[in-house]
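Chemist: Quick one: the structure is below, and I'll ask about it shortly.
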Amino acid sequence: MEDGELFDQVVSVSQSVVSWVAAGAMVFGGVVPYIPQYRDIRRTQNAEGFSTYVCLVLLVANILRILFRFGRYFETLLLWQSFIMIATMLTMLNLCTNVRVATELNTKRRSFIATDSKDEEVRVPKRLFLDFDWSAFWLWSRFVDYLQCVLAFTVSAAYVTYVLLDSALFVESLGFLAVFTEAMLGTPQLYCNFQNKSTEGMSIKMVLMWTSGDTFKTGYFLMTQAPVQFWICGLLQVFVDFAILFQVYYYSRYPQKPVSHTVSHTTSAKAL
């Protein structure tokens with residue numbers, strides 16, 4: 001009898017440990033893939049291989065997911081995951097902006113809203129509040145402009161959610177939009193690689209971690225009976241990850257970009 005009780009205790013403790021490990025993986029696992037990419041950008045001082053639109057996608061997706069929880073409950077772990085991911089993407093944006101401005105040969109500075117800064121390095125023509133250059137969207141020269149954009153989106157989305165929170169159709173649509181946007185996470189990187197005809201500057205470790213993390217996350221959604229939007233879009237996210245891995249294989253086996261970013265920068269500098 002004592003042996004049976006001891007076995008039950010061991011099983012209970014094991015289940016608790018596995019549960020805590022899985023919970024930690026869900027909360028912090030999404031951040032881990034960006035560590036090698038962050039280190040690569042800091043080491044090379046070159047952010048061209050990483051698409052900052054990945055940050056845009058994740059910021060929008062996680063803000064919408066947080067708002068979705070006001071209309072429909074889901075696990076608190078996923079809520080914490082959203083807050084941590086938002087902080088991580090802002091950190092990545094800060095690094096990419098600083099690196100791009102430091103290495104940018106073009107002296108033109110771009111801003112989210114009209115400004116008349118006295119700082120010569122960030123001076124832009126004074127315009128109407130919303131009269132900014134759409135062609136330079138998400139390519140701004142200051143980190144504060146990204147913060148302003150994220151804050152403007154958050155306030156606008158929160159107001160719409162508050163007004164329509166009683167609508168079941170809106171709440172379900174909001175949830176689907178949140179997870180579908182996240183499912184498109186790899187799409188900007190996929191397009192960036194296609195445009196460059198190369199995966200140079202992109203951390204392969206990051207994509208491998210994306211793939212393993214998204215596979216684990218989708219399985220977690222299925223096991224915990226998360227809303228159907230979560231696991232359907234999780235499967236789509238895994239598909240995009242594998243498409244990027246195929247690009248890595250294809251462009252390494254059949255190189256289509258004879259001139260690297262470094263050479264291009266050197267040439268441009270010499271021309272100036």
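Chains: A, B, ... in order of the structure tokens. Residues: from 1 per chain. Ligands: from 1, in order shown.
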What's the 12 Å shell around range 217-224 of chain A, counting only C-alpha atoms, without same-chain residues fewer than 6 positions away, as a ChimeraX atom specification?

Modeler: /A:19,22-30,74-75,77-78,81,179,183,209-211,230-239

Chemist: Hey, can you check how far CA of Cys55 in chain A sits from CA of Tyr249 in chain A?

Modeler: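 About the pair CA of Cys55 in chain A and CA of Tyr249 in chain A: they are 24.3 Å apart.
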
Chemist: In Å, how far is it from CA of Trp134 in chain A to CA of Phe153 in chain A?

Modeler: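 Those two atoms sit 15.7 Å apart.
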
Chemist: Which of these residues is nearest to Gln247 in chain A, using only C-alpha atoms: A:Ile204, A:Ala158, A:Val60, A:Val101?

Modeler: A:Ile204

Chemist: Hey, what's within 12 Å of Val171 in chain A if we count only C-alpha atoms and toss same-chain stuff fewer than 5 positions away? As a ChimeraX atom specification, please?

Modeler: /A:64-73,160-166,176-178,229

Chemist: Would you output that residue set with N, CA and C atoms, as a PDB file, in the first residue's frame?

Modeler:
ATOM      1  N   LEU A  64      -4.051  42.329 -30.419  1.00  0.00           N
ATOM      2  CA  LEU A  64      -5.410  41.844 -30.683  1.00  0.00           C
ATOM      3  C   LEU A  64      -5.752  40.660 -29.784  1.00  0.00           C
ATOM      4  N   ARG A  65      -4.776  39.810 -29.510  1.00  0.00           N
ATOM      5  CA  ARG A  65      -5.035  38.659 -28.639  1.00  0.00           C
ATOM      6  C   ARG A  65      -5.376  39.114 -27.225  1.00  0.00           C
ATOM      7  N   ILE A  66      -4.666  40.119 -26.732  1.00  0.00           N
ATOM      8  CA  ILE A  66      -4.956  40.658 -25.395  1.00  0.00           C
ATOM      9  C   ILE A  66      -6.373  41.224 -25.351  1.00  0.00           C
ATOM     10  N   LEU A  67      -6.760  41.943 -26.402  1.00  0.00           N
ATOM     11  CA  LEU A  67      -8.110  42.499 -26.456  1.00  0.00           C
ATOM     12  C   LEU A  67      -9.161  41.396 -26.581  1.00  0.00           C
ATOM     13  N   PHE A  68      -8.825  40.315 -27.267  1.00  0.00           N
ATOM     14  CA  PHE A  68      -9.742  39.188 -27.441  1.00  0.00           C
ATOM     15  C   PHE A  68     -10.111  38.569 -26.088  1.00  0.00           C
ATOM     16  N   ARG A  69      -9.183  38.602 -25.156  1.00  0.00           N
ATOM     17  CA  ARG A  69      -9.439  37.981 -23.852  1.00  0.00           C
ATOM     18  C   ARG A  69     -10.531  38.708 -23.070  1.00  0.00           C
ATOM     19  N   PHE A  70     -10.760  39.978 -23.374  1.00  0.00           N
ATOM     20  CA  PHE A  70     -11.854  40.703 -22.711  1.00  0.00           C
ATOM     21  C   PHE A  70     -13.216  40.149 -23.145  1.00  0.00           C
ATOM     22  N   GLY A  71     -13.263  39.543 -24.329  1.00  0.00           N
ATOM     23  CA  GLY A  71     -14.524  39.015 -24.828  1.00  0.00           C
ATOM     24  C   GLY A  71     -14.669  37.522 -24.650  1.00  0.00           C
ATOM     25  N   ARG A  72     -13.522  36.821 -24.612  1.00  0.00           N
ATOM     26  CA  ARG A  72     -13.567  35.364 -24.445  1.00  0.00           C
ATOM     27  C   ARG A  72     -12.338  34.905 -23.691  1.00  0.00           C
ATOM     28  N   TYR A  73     -12.582  34.157 -22.626  1.00  0.00           N
ATOM     29  CA  TYR A  73     -11.488  33.727 -21.757  1.00  0.00           C
ATOM     30  C   TYR A  73     -10.613  32.690 -22.450  1.00  0.00           C
ATOM     31  N   VAL A 160     -12.569  50.371 -30.293  1.00  0.00           N
ATOM     32  CA  VAL A 160     -13.506  49.592 -31.119  1.00  0.00           C
ATOM     33  C   VAL A 160     -13.965  48.349 -30.357  1.00  0.00           C
ATOM     34  N   THR A 161     -13.046  47.696 -29.662  1.00  0.00           N
ATOM     35  CA  THR A 161     -13.389  46.498 -28.888  1.00  0.00           C
ATOM     36  C   THR A 161     -14.357  46.840 -27.761  1.00  0.00           C
ATOM     37  N   TYR A 162     -14.132  47.958 -27.099  1.00  0.00           N
ATOM     38  CA  TYR A 162     -15.023  48.380 -26.004  1.00  0.00           C
ATOM     39  C   TYR A 162     -16.438  48.624 -26.520  1.00  0.00           C
ATOM     40  N   VAL A 163     -16.545  49.236 -27.694  1.00  0.00           N
ATOM     41  CA  VAL A 163     -17.855  49.564 -28.258  1.00  0.00           C
ATOM     42  C   VAL A 163     -18.596  48.302 -28.711  1.00  0.00           C
ATOM     43  N   LEU A 164     -17.867  47.341 -29.282  1.00  0.00           N
ATOM     44  CA  LEU A 164     -18.497  46.161 -29.884  1.00  0.00           C
ATOM     45  C   LEU A 164     -18.322  44.888 -29.062  1.00  0.00           C
ATOM     46  N   LEU A 165     -17.946  45.021 -27.793  1.00  0.00           N
ATOM     47  CA  LEU A 165     -17.640  43.850 -26.977  1.00  0.00           C
ATOM     48  C   LEU A 165     -18.838  42.934 -26.771  1.00  0.00           C
ATOM     49  N   ASP A 166     -20.045  43.467 -26.848  1.00  0.00           N
ATOM     50  CA  ASP A 166     -21.245  42.652 -26.644  1.00  0.00           C
ATOM     51  C   ASP A 166     -21.609  41.834 -27.871  1.00  0.00           C
ATOM     52  N   PHE A 176     -10.098  35.427 -34.305  1.00  0.00           N
ATOM     53  CA  PHE A 176      -9.558  34.849 -35.532  1.00  0.00           C
ATOM     54  C   PHE A 176      -8.512  35.768 -36.155  1.00  0.00           C
ATOM     55  N   LEU A 177      -8.792  37.070 -36.150  1.00  0.00           N
ATOM     56  CA  LEU A 177      -7.853  38.028 -36.726  1.00  0.00           C
ATOM     57  C   LEU A 177      -6.526  38.007 -35.967  1.00  0.00           C
ATOM     58  N   ALA A 178      -6.601  37.860 -34.647  1.00  0.00           N
ATOM     59  CA  ALA A 178      -5.384  37.833 -33.828  1.00  0.00           C
ATOM     60  C   ALA A 178      -4.505  36.645 -34.178  1.00  0.00           C
ATOM     61  N   GLN A 229      -9.832  28.699 -33.616  1.00  0.00           N
ATOM     62  CA  GLN A 229      -9.005  29.643 -34.375  1.00  0.00           C
ATOM     63  C   GLN A 229      -7.521  29.447 -34.075  1.00  0.00           C
TER      64      GLN A 229
END

Chemist: Among range 104-256 of chain A, which residues carry a DSSP assignment of alpha helix (DSSP H), reported as an MDAnalysis selection string?

Modeler: chainID A and resid 143:164 168:183 187:196 204:223 228:253

Chemist: Return the single residue from A:Pro255, A:Gly213, A:Gly201, A:Pro227 that is closest to Asn46 in chain A, with distances computed using only C-alpha atoms.

Modeler: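 With only C-alpha atoms as the atom set, the closest residue is A:Gly201.
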
Chemist: Pick out the residues sitting within 10 Å of Met202 in chain A, and hand them over as number ranges by chain; count only C-alpha atoms, and ignore anything fewer than 6 positions along from it in its own chain.

Modeler: A: 36-37, 40-41, 47-51, 189, 192-193, 248

Chemist: Would you mind exporting N, CA, C and O atoms of the selected residues as a CSV table (one decimal), in the first residue's frame?

Modeler:
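Output file again-v5.csv is given in full below:
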chain,number,residue,atom,x,y,z
A,36,PRO,N,19.2,34.5,-31.2
A,36,PRO,CA,20.3,34.4,-32.2
A,36,PRO,C,20.3,35.5,-33.2
A,36,PRO,O,21.3,36.0,-33.7
A,37,GLN,N,19.0,35.9,-33.6
A,37,GLN,CA,18.9,36.9,-34.6
A,37,GLN,C,19.4,38.3,-34.0
A,37,GLN,O,20.1,39.0,-34.7
A,40,ASP,N,23.1,38.2,-33.9
A,40,ASP,CA,23.7,38.3,-35.2
A,40,ASP,C,23.7,39.8,-35.7
A,40,ASP,O,24.7,40.3,-36.3
A,41,ILE,N,22.6,40.5,-35.5
A,41,ILE,CA,22.5,41.9,-35.9
A,41,ILE,C,23.5,42.8,-35.1
A,41,ILE,O,24.1,43.6,-35.7
A,47,ALA,N,21.2,44.8,-40.4
A,47,ALA,CA,19.8,44.3,-40.1
A,47,ALA,C,19.0,44.1,-41.4
A,47,ALA,O,17.8,43.8,-41.3
A,48,GLU,N,19.7,44.1,-42.6
A,48,GLU,CA,19.0,44.0,-43.8
A,48,GLU,C,18.4,42.6,-44.0
A,48,GLU,O,17.4,42.4,-44.7
A,49,GLY,N,19.0,41.6,-43.5
A,49,GLY,CA,18.5,40.2,-43.7
A,49,GLY,C,17.3,39.9,-42.8
A,49,GLY,O,16.6,38.9,-43.1
A,50,PHE,N,16.9,40.7,-41.8
A,50,PHE,CA,15.8,40.5,-41.0
A,50,PHE,C,14.7,41.5,-41.3
A,50,PHE,O,14.9,42.7,-41.3
A,51,SER,N,13.5,41.0,-41.6
A,51,SER,CA,12.4,41.9,-41.9
A,51,SER,C,11.7,42.4,-40.7
A,51,SER,O,11.2,41.7,-39.8
A,189,GLN,N,9.2,37.7,-43.7
A,189,GLN,CA,10.5,37.1,-43.9
A,189,GLN,C,10.6,36.3,-45.2
A,189,GLN,O,11.6,36.3,-45.9
A,192,CYS,N,10.7,38.8,-47.9
A,192,CYS,CA,12.0,39.5,-47.9
A,192,CYS,C,13.1,38.6,-48.5
A,192,CYS,O,13.9,39.1,-49.4
A,193,ASN,N,13.1,37.3,-48.2
A,193,ASN,CA,14.0,36.3,-48.8
A,193,ASN,C,13.8,36.2,-50.3
A,193,ASN,O,14.8,36.2,-51.1
A,248,VAL,N,15.9,28.4,-47.6
A,248,VAL,CA,17.2,28.3,-47.1
A,248,VAL,C,17.9,27.2,-47.9
A,248,VAL,O,19.1,27.4,-48.4
